[in-house]
file model01.txt (compact mmCIF, N, CA and C atoms)
# COMPACT_ATOMS: atom_id res chain seq x y z
N MET A 1 168.48 93.90 87.76
CA MET A 1 167.45 93.01 87.26
C MET A 1 167.76 92.68 85.80
N GLN A 2 167.70 91.41 85.46
CA GLN A 2 167.97 90.98 84.10
C GLN A 2 166.73 91.05 83.24
N LYS A 3 166.96 91.34 81.97
CA LYS A 3 165.85 91.29 81.01
C LYS A 3 165.63 89.84 80.61
N THR A 4 164.40 89.48 80.46
CA THR A 4 164.06 88.14 79.99
C THR A 4 163.19 88.26 78.77
N ASP A 5 163.12 87.19 78.03
CA ASP A 5 162.25 87.18 76.85
C ASP A 5 160.80 87.23 77.29
N PRO A 6 159.96 87.91 76.52
CA PRO A 6 158.54 87.97 76.89
C PRO A 6 157.91 86.58 76.79
N LYS A 7 156.97 86.33 77.66
CA LYS A 7 156.26 85.05 77.68
C LYS A 7 154.77 85.30 77.51
N SER A 8 154.13 84.33 76.91
CA SER A 8 152.68 84.41 76.77
C SER A 8 152.02 84.04 78.09
N VAL A 9 150.78 84.41 78.24
CA VAL A 9 150.03 84.07 79.45
C VAL A 9 149.98 82.55 79.59
N ARG A 10 149.79 81.87 78.49
CA ARG A 10 149.74 80.40 78.49
C ARG A 10 151.03 79.82 79.07
N GLN A 11 152.19 80.35 78.64
CA GLN A 11 153.47 79.86 79.14
C GLN A 11 153.62 80.11 80.65
N ILE A 12 153.16 81.26 81.09
CA ILE A 12 153.24 81.58 82.52
C ILE A 12 152.36 80.64 83.33
N ILE A 13 151.15 80.40 82.85
CA ILE A 13 150.23 79.48 83.54
C ILE A 13 150.81 78.08 83.57
N ASP A 14 151.38 77.63 82.44
CA ASP A 14 151.98 76.30 82.39
C ASP A 14 153.14 76.17 83.38
N GLN A 15 153.95 77.23 83.51
CA GLN A 15 155.06 77.20 84.47
C GLN A 15 154.55 77.09 85.90
N ILE A 16 153.52 77.84 86.21
CA ILE A 16 152.95 77.79 87.55
C ILE A 16 152.36 76.41 87.84
N MET A 17 151.65 75.86 86.84
CA MET A 17 151.05 74.53 87.02
C MET A 17 152.11 73.46 87.17
N ASP A 18 153.23 73.58 86.43
CA ASP A 18 154.31 72.60 86.56
C ASP A 18 154.88 72.58 87.96
N LYS A 19 154.91 73.72 88.60
CA LYS A 19 155.44 73.83 89.96
C LYS A 19 154.42 73.40 91.01
N SER A 20 153.17 73.31 90.61
CA SER A 20 152.09 72.99 91.54
C SER A 20 151.88 71.49 91.63
N ALA A 21 151.64 71.00 92.81
CA ALA A 21 151.33 69.58 93.01
C ALA A 21 149.92 69.26 92.55
N ARG A 22 149.13 70.28 92.31
CA ARG A 22 147.73 70.06 91.95
C ARG A 22 147.52 69.97 90.44
N LYS A 23 148.58 69.96 89.66
CA LYS A 23 148.45 69.91 88.21
C LYS A 23 147.65 68.68 87.77
N SER A 24 147.90 67.54 88.38
CA SER A 24 147.17 66.33 87.99
C SER A 24 145.68 66.47 88.31
N ASP A 25 145.36 67.13 89.43
CA ASP A 25 143.95 67.35 89.77
C ASP A 25 143.27 68.22 88.72
N ILE A 26 143.95 69.25 88.27
CA ILE A 26 143.39 70.15 87.26
C ILE A 26 143.18 69.41 85.95
N LEU A 27 144.16 68.60 85.54
CA LEU A 27 144.02 67.82 84.31
C LEU A 27 142.88 66.82 84.42
N GLU A 28 142.69 66.23 85.58
CA GLU A 28 141.58 65.29 85.75
C GLU A 28 140.24 66.00 85.66
N MET A 29 140.15 67.21 86.20
CA MET A 29 138.91 67.99 86.07
C MET A 29 138.65 68.35 84.61
N ARG A 30 139.69 68.71 83.90
CA ARG A 30 139.54 69.03 82.48
C ARG A 30 139.10 67.80 81.69
N ALA A 31 139.64 66.63 82.04
CA ALA A 31 139.25 65.39 81.36
C ALA A 31 137.77 65.12 81.57
N SER A 32 137.29 65.30 82.78
CA SER A 32 135.87 65.11 83.07
C SER A 32 135.01 66.12 82.30
N ALA A 33 135.48 67.34 82.22
CA ALA A 33 134.72 68.38 81.52
C ALA A 33 134.66 68.13 80.01
N LEU A 34 135.58 67.36 79.46
CA LEU A 34 135.59 67.07 78.03
C LEU A 34 134.57 66.00 77.63
N TRP A 35 134.05 65.26 78.59
CA TRP A 35 133.12 64.16 78.32
C TRP A 35 132.00 64.55 77.35
N PRO A 36 131.24 65.64 77.59
CA PRO A 36 130.14 65.97 76.67
C PRO A 36 130.61 66.27 75.25
N ASP A 37 131.79 66.88 75.13
CA ASP A 37 132.31 67.20 73.80
C ASP A 37 132.71 65.94 73.04
N ILE A 38 133.20 64.95 73.73
CA ILE A 38 133.67 63.71 73.10
C ILE A 38 132.50 62.80 72.73
N VAL A 39 131.57 62.60 73.66
CA VAL A 39 130.48 61.64 73.40
C VAL A 39 129.26 62.27 72.75
N GLY A 40 129.15 63.59 72.81
CA GLY A 40 128.02 64.28 72.19
C GLY A 40 126.85 64.45 73.14
N PRO A 41 125.91 65.32 72.74
CA PRO A 41 124.77 65.63 73.62
C PRO A 41 123.82 64.47 73.84
N GLY A 42 123.69 63.58 72.86
CA GLY A 42 122.79 62.44 73.01
C GLY A 42 123.20 61.52 74.13
N VAL A 43 124.47 61.17 74.17
CA VAL A 43 125.00 60.30 75.22
C VAL A 43 125.06 61.06 76.54
N ASN A 44 125.46 62.31 76.48
CA ASN A 44 125.59 63.10 77.70
C ASN A 44 124.25 63.24 78.43
N ARG A 45 123.17 63.20 77.70
CA ARG A 45 121.83 63.29 78.31
C ARG A 45 121.57 62.14 79.29
N TYR A 46 122.20 61.00 79.04
CA TYR A 46 122.02 59.82 79.91
C TYR A 46 123.11 59.71 80.98
N THR A 47 124.01 60.68 81.02
CA THR A 47 125.09 60.69 82.00
C THR A 47 124.59 61.33 83.28
N LEU A 48 124.57 60.56 84.35
CA LEU A 48 124.10 61.06 85.64
C LEU A 48 125.22 61.71 86.44
N ARG A 49 126.41 61.11 86.35
CA ARG A 49 127.54 61.61 87.12
C ARG A 49 128.82 61.14 86.47
N ARG A 50 129.85 61.96 86.56
CA ARG A 50 131.16 61.56 86.06
C ARG A 50 132.23 62.28 86.87
N TYR A 51 133.32 61.59 87.10
CA TYR A 51 134.49 62.20 87.75
C TYR A 51 135.71 61.34 87.45
N VAL A 52 136.88 61.94 87.64
CA VAL A 52 138.14 61.24 87.40
C VAL A 52 138.93 61.23 88.70
N LYS A 53 139.47 60.06 89.02
CA LYS A 53 140.30 59.92 90.21
C LYS A 53 141.43 58.95 89.89
N ASN A 54 142.64 59.41 90.09
CA ASN A 54 143.85 58.59 89.86
C ASN A 54 143.88 57.96 88.46
N GLY A 55 143.53 58.74 87.45
CA GLY A 55 143.60 58.27 86.08
C GLY A 55 142.44 57.41 85.62
N VAL A 56 141.43 57.25 86.45
CA VAL A 56 140.26 56.44 86.10
C VAL A 56 139.03 57.36 86.07
N MET A 57 138.33 57.36 84.93
CA MET A 57 137.08 58.12 84.84
C MET A 57 135.93 57.19 85.21
N TYR A 58 135.13 57.62 86.16
CA TYR A 58 133.94 56.88 86.59
C TYR A 58 132.74 57.60 86.00
N VAL A 59 131.94 56.85 85.23
CA VAL A 59 130.78 57.44 84.56
C VAL A 59 129.55 56.65 84.95
N ARG A 60 128.57 57.32 85.53
CA ARG A 60 127.30 56.69 85.89
C ARG A 60 126.28 57.06 84.82
N LEU A 61 125.69 56.05 84.21
CA LEU A 61 124.72 56.24 83.13
C LEU A 61 123.36 55.69 83.53
N SER A 62 122.32 56.28 82.95
CA SER A 62 120.97 55.84 83.28
C SER A 62 120.46 54.76 82.32
N SER A 63 121.23 54.38 81.32
CA SER A 63 120.80 53.40 80.34
C SER A 63 121.77 52.22 80.30
N GLY A 64 121.24 51.04 80.56
CA GLY A 64 122.06 49.83 80.51
C GLY A 64 122.59 49.53 79.12
N ALA A 65 121.76 49.75 78.12
CA ALA A 65 122.18 49.51 76.74
C ALA A 65 123.32 50.45 76.35
N LEU A 66 123.23 51.68 76.80
CA LEU A 66 124.27 52.65 76.50
C LEU A 66 125.58 52.28 77.19
N LYS A 67 125.51 51.77 78.40
CA LYS A 67 126.71 51.31 79.10
C LYS A 67 127.43 50.25 78.26
N GLN A 68 126.64 49.31 77.74
CA GLN A 68 127.19 48.23 76.92
C GLN A 68 127.82 48.79 75.65
N GLU A 69 127.13 49.69 74.98
CA GLU A 69 127.63 50.29 73.74
C GLU A 69 128.93 51.06 73.98
N LEU A 70 128.95 51.88 75.04
CA LEU A 70 130.14 52.68 75.33
C LEU A 70 131.32 51.82 75.78
N SER A 71 131.04 50.66 76.37
CA SER A 71 132.14 49.79 76.79
C SER A 71 132.96 49.33 75.58
N PHE A 72 132.33 49.22 74.41
CA PHE A 72 133.04 48.85 73.19
C PHE A 72 133.88 50.01 72.66
N GLN A 73 133.52 51.24 73.01
CA GLN A 73 134.21 52.43 72.53
C GLN A 73 135.14 53.03 73.59
N ARG A 74 135.31 52.34 74.66
CA ARG A 74 136.06 52.83 75.82
C ARG A 74 137.45 53.37 75.43
N GLN A 75 138.23 52.58 74.71
CA GLN A 75 139.60 52.99 74.38
C GLN A 75 139.61 54.19 73.45
N GLU A 76 138.66 54.27 72.54
CA GLU A 76 138.58 55.43 71.63
C GLU A 76 138.29 56.72 72.41
N ILE A 77 137.42 56.63 73.41
CA ILE A 77 137.09 57.79 74.24
C ILE A 77 138.32 58.22 75.04
N ILE A 78 139.02 57.27 75.63
CA ILE A 78 140.23 57.56 76.39
C ILE A 78 141.26 58.25 75.50
N ASN A 79 141.47 57.70 74.31
CA ASN A 79 142.45 58.26 73.39
C ASN A 79 142.07 59.69 72.98
N ALA A 80 140.80 59.93 72.73
CA ALA A 80 140.35 61.26 72.31
C ALA A 80 140.57 62.30 73.42
N ILE A 81 140.24 61.95 74.64
CA ILE A 81 140.43 62.88 75.77
C ILE A 81 141.91 63.14 76.00
N ASN A 82 142.72 62.10 76.01
CA ASN A 82 144.15 62.27 76.22
C ASN A 82 144.79 63.09 75.10
N ARG A 83 144.33 62.88 73.87
CA ARG A 83 144.87 63.64 72.74
C ARG A 83 144.58 65.13 72.89
N ILE A 84 143.35 65.48 73.30
CA ILE A 84 142.99 66.88 73.49
C ILE A 84 143.81 67.51 74.61
N LEU A 85 144.02 66.77 75.69
CA LEU A 85 144.77 67.29 76.83
C LEU A 85 146.27 67.32 76.57
N GLY A 86 146.72 66.56 75.57
CA GLY A 86 148.14 66.54 75.24
C GLY A 86 148.99 65.75 76.22
N LYS A 87 148.33 64.93 77.00
CA LYS A 87 149.03 64.15 78.02
C LYS A 87 148.17 62.95 78.38
N GLU A 88 148.79 61.86 78.83
CA GLU A 88 148.02 60.69 79.24
C GLU A 88 147.49 60.91 80.66
N VAL A 89 146.25 61.39 80.71
CA VAL A 89 145.59 61.66 81.98
C VAL A 89 144.72 60.47 82.35
N LEU A 90 144.02 59.92 81.37
CA LEU A 90 143.13 58.77 81.61
C LEU A 90 143.80 57.47 81.22
N ARG A 91 143.66 56.47 82.07
CA ARG A 91 144.12 55.12 81.77
C ARG A 91 142.94 54.18 81.56
N GLU A 92 141.82 54.52 82.16
CA GLU A 92 140.68 53.61 82.18
C GLU A 92 139.38 54.40 82.35
N ILE A 93 138.28 53.80 81.85
CA ILE A 93 136.93 54.34 82.12
C ILE A 93 136.10 53.19 82.67
N ARG A 94 135.40 53.47 83.74
CA ARG A 94 134.48 52.47 84.35
C ARG A 94 133.07 53.01 84.30
N PHE A 95 132.18 52.22 83.74
CA PHE A 95 130.77 52.60 83.63
C PHE A 95 129.95 51.89 84.69
N SER A 96 129.00 52.59 85.24
CA SER A 96 128.09 51.97 86.21
C SER A 96 126.69 52.50 85.97

call {"tool": "encode", "arguments": {"input": "model01.txt", "output": "structure tokens"}}
result
Amino acid sequence: MQKTDPKSVRQIIDQIMDKSARKSDILEMRASALWPDIVGPGVNRYTLRRYVKNGVMYVRLSSGALKQELSFQRQEIINAINRILGKEVLREIRFS
């Protein structure tokens, strides 16, 4: 048996995820979970449902005015989530 350099738990998890076909699913779940941190508790209070599928985050809001306001900030939200994840997971956000 050969000796190898020690690895951190993070490195081991990343290696396993790289080999897994479900890595994109996990990143999409993490992107959805970041929503409250990015938009804050005020906006999150009006969020009824959110999920990510194939790089698109679908967000259902209870306020029409808020939908309009967030549509202007769409690209900033996408950039913030992708920056935290360290990878381009989101391409688009759709509000309903």

call {"tool": "closest_residue", "arguments": {"input": "model01.txt", "among": "A:Glu76, A:Val52, A:Ala65, A:Ile13", "to": "Ala33 of chain A", "atoms": "all atoms listed in the file"}}
result
A:Val52

call {"tool": "atom_distance", "arguments": {"input": "model01.txt", "atom1": "atom C of Pro41 of chain A", "atom2": "atom CA of Arg94 of chain A"}}
result
19.2 Å

call {"tool": "atom_distance", "arguments": {"input": "model01.txt", "atom1": "atom CA of Ile77 of chain A", "atom2": "atom CA of Ile93 of chain A"}}
result
8.6 Å

call {"tool": "residues_around", "arguments": {"input": "model01.txt", "residues": "Leu34 of chain A", "least_positions_apart": "5", "cutoff": "7 Å", "atoms": "all atoms listed in the file", "output": "list in words"}}
result
Met29, Val39 and Ile81 of chain A

call {"tool": "atom_distance", "arguments": {"input": "model01.txt", "atom1": "atom C of Ser71 of chain A", "atom2": "atom N of Leu27 of chain A"}}
result
24.4 Å

call {"tool": "closest_residue", "arguments": {"input": "model01.txt", "among": "A:Thr47, A:Ser32, A:Arg10, A:Ser24", "to": "Ser62 of chain A", "atoms": "only C-alpha atoms"}}
result
A:Thr47

call {"tool": "select_by_dssp", "arguments": {"input": "model01.txt", "residues": "chain A", "states": "strand (DSSP E or B)", "output": "VMD selection string"}}
result
chain A and resid 47 to 53 56 to 61 92 to 95

call {"tool": "decode", "arguments": {"input": "model01.txt", "residues": "segment 73-92 of chain A", "atoms": "N, CA, C and O atoms", "output": "CSV table (one decimal), in the first residue's frame"}}
result
chain,number,residue,atom,x,y,z
A,73,GLN,N,-33.3,43.4,-10.3
A,73,GLN,CA,-32.1,43.0,-9.6
A,73,GLN,C,-31.7,41.5,-9.9
A,73,GLN,O,-30.8,41.0,-9.3
A,74,ARG,N,-32.4,41.0,-10.9
A,74,ARG,CA,-32.2,39.6,-11.2
A,74,ARG,C,-30.8,39.2,-11.4
A,74,ARG,O,-30.3,38.2,-10.9
A,75,GLN,N,-30.1,39.9,-12.3
A,75,GLN,CA,-28.7,39.5,-12.6
A,75,GLN,C,-27.8,39.7,-11.4
A,75,GLN,O,-26.9,38.8,-11.2
A,76,GLU,N,-28.0,40.6,-10.5
A,76,GLU,CA,-27.2,40.8,-9.3
A,76,GLU,C,-27.4,39.6,-8.4
A,76,GLU,O,-26.4,39.1,-7.8
A,77,ILE,N,-28.6,39.1,-8.3
A,77,ILE,CA,-28.9,38.0,-7.4
A,77,ILE,C,-28.2,36.7,-8.0
A,77,ILE,O,-27.6,36.0,-7.2
A,78,ILE,N,-28.3,36.5,-9.3
A,78,ILE,CA,-27.7,35.4,-9.9
A,78,ILE,C,-26.2,35.4,-9.7
A,78,ILE,O,-25.5,34.4,-9.3
A,79,ASN,N,-25.6,36.6,-9.9
A,79,ASN,CA,-24.1,36.7,-9.7
A,79,ASN,C,-23.7,36.4,-8.3
A,79,ASN,O,-22.7,35.8,-8.0
A,80,ALA,N,-24.5,36.9,-7.3
A,80,ALA,CA,-24.2,36.7,-5.9
A,80,ALA,C,-24.2,35.2,-5.5
A,80,ALA,O,-23.3,34.7,-4.8
A,81,ILE,N,-25.2,34.5,-6.0
A,81,ILE,CA,-25.4,33.1,-5.7
A,81,ILE,C,-24.2,32.3,-6.3
A,81,ILE,O,-23.6,31.5,-5.7
A,82,ASN,N,-24.0,32.6,-7.6
A,82,ASN,CA,-22.9,31.9,-8.3
A,82,ASN,C,-21.5,32.2,-7.7
A,82,ASN,O,-20.7,31.3,-7.6
A,83,ARG,N,-21.3,33.4,-7.2
A,83,ARG,CA,-20.0,33.7,-6.6
A,83,ARG,C,-19.8,32.9,-5.3
A,83,ARG,O,-18.8,32.4,-5.1
A,84,ILE,N,-20.9,32.8,-4.5
A,84,ILE,CA,-20.8,32.1,-3.2
A,84,ILE,C,-20.5,30.6,-3.5
A,84,ILE,O,-19.7,29.9,-2.8
A,85,LEU,N,-21.2,30.0,-4.5
A,85,LEU,CA,-21.0,28.6,-4.9
A,85,LEU,C,-19.7,28.4,-5.6
A,85,LEU,O,-19.3,27.2,-5.7
A,86,GLY,N,-19.1,29.4,-6.1
A,86,GLY,CA,-17.8,29.2,-6.8
A,86,GLY,C,-17.9,28.6,-8.2
A,86,GLY,O,-17.0,28.1,-8.8
A,87,LYS,N,-19.1,28.6,-8.7
A,87,LYS,CA,-19.4,27.9,-10.0
A,87,LYS,C,-20.7,28.5,-10.6
A,87,LYS,O,-21.6,29.0,-9.8
A,88,GLU,N,-20.8,28.6,-11.9
A,88,GLU,CA,-22.0,29.1,-12.5
A,88,GLU,C,-23.1,28.0,-12.5
A,88,GLU,O,-23.2,27.1,-13.3
A,89,VAL,N,-23.9,28.1,-11.4
A,89,VAL,CA,-25.0,27.1,-11.2
A,89,VAL,C,-26.3,27.7,-11.8
A,89,VAL,O,-27.1,27.0,-12.5
A,90,LEU,N,-26.5,29.0,-11.6
A,90,LEU,CA,-27.7,29.7,-12.1
A,90,LEU,C,-27.5,30.5,-13.3
A,90,LEU,O,-26.5,31.1,-13.5
A,91,ARG,N,-28.4,30.3,-14.3
A,91,ARG,CA,-28.3,31.1,-15.5
A,91,ARG,C,-29.4,32.1,-15.6
A,91,ARG,O,-29.3,33.1,-16.2
A,92,GLU,N,-30.5,31.8,-14.9
A,92,GLU,CA,-31.7,32.6,-15.0
A,92,GLU,C,-32.6,32.5,-13.7
A,92,GLU,O,-32.5,31.5,-13.0
